[in-house]
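Enquirer: Structure in structure tokens, see below.
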Amino acid sequence: MVKAVRNVVIVGGGTAGWLTAAIIAAKHQAKMPHDFSVTVVESPDVPIIGVGEGTWPTMRSTLKSIGVSETDFFRECDAAFKQGALFAKWTTGAEDDAYYHPLVLPQRFGQINLAPHWLAGESNANFCDAVCPQGQVCDEGLAPKTIGTAEFEGQQNYAYHLDAGKFAPFMQRHCTQKLGVRYVPADVQDVTQHDNGDIRSLLTMPAGEIEGDLFIDCTGMHGLLLDRTLGVPFRELRDVLFCDTALAMQVPYPAPDSPIASHTISTAQSAGWIWDIGLPTRRGVGHVFSSRHISEDEAEAELRAYVGPAASDLTARKIKIRAGHREVFWKNNCVAVGMAAGFLEPLEASAIVLIELSARMIADQMPACREVMDIVSRRYNEKTHYRWGRIVDFLKLHYVLSQRRDTKFWRDNMDPASIPDRLKDLLKLWSYQSPWQHEEFDRVDEVFPSASYQYVLYGMGFRTAVNKVHLANDAREAERAFRENHDGTQRLLTRLPRHRDLISKIVEYGLQPI
């Protein structure tokens with residue numbers, strides 16, 4: 001008899017569990033509650049790790065697709081806009097060493113590759129400013145939209161910073177009140193399995209036995225289902241990405257009207273880097289470092305020096321980072337999402353976007369029955385492995401391009417044995433041709449587009465050989481694109497509001513509904 005997939009059971013709440021529940025329930029809402037259900041089993045005793053989280057622009061379409069109001073999101077999640085990341089002291093370590101990885105594509109990116117023209121000296125600005133407005137918008141502390149702009153629309157592309165401790169309860173309320181998700185506050189005490197190894201049910205206290213057809217493991221690093229029950233091994237990546245510990249603080253603003261950065265700030269340190277994320281009520285600041293290269297006391301001293309006098313009354317919370325991911329992400333009738341699948345240092349805010357991408361793929365390819373689940377899981381594992389690999393490449397790129405040799409941490413990152421082979425090949429390729437619409441980005445679902453590689457490469461001083469003769473045909477079009485970007489930037493700088501001012505107006509008046 002064909003076993004239909006009707007009951008999806010998500011173990012673990014937090015950002016991973018509730019976001020996954022929302023994406024699946026919204027996609028299959030027409031089937032709920034008739035013959036399809038989504039249940040979240042969450043322990044009431046597990047705290048949420050909320051340190052100030054960064055997202056990708058994908059979060060806008062995710063929130064929109066699940067029926068969330070952007071105004072409500074800002075009001076209830078202590079949210080702010082994110083327009084990219086500023087990387088300070090990554091290249092040389094000098095005080096003026098900084099570049100942006102913005103969230104917009106370079107001017108006319110689909111028609112012309114401006115990178116070779118910039119490399120040839122056709123613009124005097126730094127690469128980001130030459131090809132897009134967003135770096136200067138961030139420098140001026142401006143928002144990506146105005147109060148008159150509709151929800152989820154913007155004059156500039158944007159993502160969010162949010163308080164994870166508030167986001168998870170917000171999503172829980174939305175899931176249970178608007179999307180028909182069943183919420184079971186209980187502790188899982190045991191897991192039962194079928195003869196073929198599939199998970200049959202959860203034995204919980206006090207809710208008793210909960211059966212399901214598809215189980216989603218969102219239990220974080222505990223890996224209750226995929227790890228402890230199904231025994232899927234963990235692939236360590238500490239030989240590539242050395243950072244294994246974080247110390248986090250919640251830093252108050254000096255005044256209620258202090259400016260809010262509309263970008264993540266990442267400042268390199270002697271053996272890692274410090275994130276600085278601005279929320280309306282506070283900053284989330286944390287030091288990510290390699291315990292093999294610096295002691296915890298030394299790392300905390302660097303963090304406190306960065307924060308300044310405000311750190312004297314603050315306690316640093318320690319978070320262990322186990323860099324890596326599961327050998328497979330979907331085994332039998334269980335798939336891991338979030339930290340149960342793996343975790344990498346949050347240098348490019350990849351954690352939440354991986355939750356979104358994973359949940360969306362599960363929702364889109366929800367197997368109709370157990371008989372086809374293994375086919376779906378093979379495709380899911382292949383695509384998810386590819387995504388993790390590309391994120392590892394991109395994170396390592398920041399370290400490989402650095403010119404810093406002042407500590408063993410930075411020198412060790414240049415060891416060829418620590419650099420993925422694919423990244424080595426790409427760097428050699430990019431010595432002669434700039435990343436753009438080439439075969440190295442041949443998938444429609446690339447995690448990082450070629451534009452992201454351009455911003456990091458040329459922000460950190462990488463040089464690609466340029467044949468000016470080959471650029472002659474595009475020279476006039478490139479000049480026009482540089483000029484268009486300059487003029488467009490000036491218009492935005494005069495029209496966009498201050499970041500904090502816009503957030504205050506959203507909280508008070510709300511944005512225009514779609």
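Labels used: A, B, ... for chains in the order of the structure tokens, numbers from 1 for residues in each chain, and numbers from 1 for ligands as shown.
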Taking the chain letters and numbering used in this document, name the residues of region 363-422 of chain A that DSSP puts in alpha helix (DSSP H), as number ranges by chain.
Expert: A: 363-364, 370-401, 408-412, 421-422
Enquirer: Counting only C-alpha atoms, which residues of region 375-435 of chain A fall within 9 Å of region 328-342 of chain A, and what is the closest atom pair for each with its distance in Å at one decimal, ordered by chain and rising number, as CSV?
Expert:
residue,atom,partner,partner_atom,distance
A:Ser377,CA,A:Trp330,CA,5.6
A:Arg378,CA,A:Trp330,CA,7.8
A:Tyr380,CA,A:Trp330,CA,7.3
A:Asn381,CA,A:Phe329,CA,5.9
A:Glu382,CA,A:Val328,CA,8.8
A:Thr384,CA,A:Phe329,CA,7.6
A:His385,CA,A:Val328,CA,7.9
Enquirer: Output N, CA, C and O atoms for every residue in the selection just made, as a JSON list (two decimals), in the first residue's frame.
Expert:
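Saved file again.json follows:
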[["chain", "number", "residue", "atom", "x", "y", "z"],
["A", 377, "SER", "N", 15.20, 12.87, -1.70],
["A", 377, "SER", "CA", 16.31, 13.09, -0.76],
["A", 377, "SER", "C", 17.65, 13.11, -1.48],
["A", 377, "SER", "O", 18.54, 13.88, -1.11],
["A", 378, "ARG", "N", 17.83, 12.28, -2.51],
["A", 378, "ARG", "CA", 19.09, 12.29, -3.26],
["A", 378, "ARG", "C", 19.30, 13.64, -3.92],
["A", 378, "ARG", "O", 20.41, 14.20, -3.91],
["A", 380, "TYR", "N", 17.93, 16.47, -3.01],
["A", 380, "TYR", "CA", 18.11, 17.45, -1.94],
["A", 380, "TYR", "C", 19.55, 17.43, -1.42],
["A", 380, "TYR", "O", 20.18, 18.48, -1.25],
["A", 381, "ASN", "N", 20.08, 16.24, -1.19],
["A", 381, "ASN", "CA", 21.44, 16.13, -0.66],
["A", 381, "ASN", "C", 22.46, 16.67, -1.64],
["A", 381, "ASN", "O", 23.42, 17.35, -1.26],
["A", 382, "GLU", "N", 22.27, 16.39, -2.92],
["A", 382, "GLU", "CA", 23.22, 16.87, -3.92],
["A", 382, "GLU", "C", 23.23, 18.40, -3.97],
["A", 382, "GLU", "O", 24.30, 19.03, -3.95],
["A", 384, "THR", "N", 22.16, 20.52, -1.66],
["A", 384, "THR", "CA", 22.57, 21.11, -0.39],
["A", 384, "THR", "C", 24.08, 20.99, -0.19],
["A", 384, "THR", "O", 24.73, 21.91, 0.31],
["A", 385, "HIS", "N", 24.66, 19.86, -0.60],
["A", 385, "HIS", "CA", 26.13, 19.73, -0.56],
["A", 385, "HIS", "C", 26.78, 20.82, -1.41],
["A", 385, "HIS", "O", 27.78, 21.42, -1.01]]
Enquirer: Near region 279-291 of chain A, counting only C-alpha atoms, which residues have an atom at most 9 Å away, once you skip same-chain residues fewer than 5 positions from it, shown as an MDAnalysis selection string?
Expert: chainID A and resid 50:53 78:81 161:163 241:253 256 259:261 269:274 296 299:300 302:303 307 316:317 321 345:347 409 500 503:504
Enquirer: Would you mind listing what lies within 8 Å of Ser262 (chain A) as a list in words, with only C-alpha atoms counted and same-chain residues fewer than 2 positions away left out?
Expert: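 Using only C-alpha atoms, the neighbours found are Ala80, Phe81, Lys82, Gln83, Gly84, Cys138, Gly141, Leu142, Ala143, Ile260, Thr264, Gly278 and His499 of chain A.
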Enquirer: Which value, in Å to one decimal, gives the distance between CA of Tyr399 (chain A) and CA of Thr91 (chain A)?
Expert: 8.8 Å
Enquirer: Between A:His28, A:Arg326, A:Lys318, A:Arg182, which is the closest to Glu42 (chain A) once you count only C-alpha atoms?
Expert: A:Arg182
Enquirer: Tell me, in Å to one decimal, how far CA of Arg228 (chain A) is from CA of Val191 (chain A).
Expert: 9.8 Å
Enquirer: If you run DSSP on this backbone, which residues of region 113-224 of chain A come out as strand (DSSP E or B), and could you give them as a PyMOL selection string?
Expert: chain A and resi 142+150+159-162+182-185+187-193+199-205+208-211+214-217
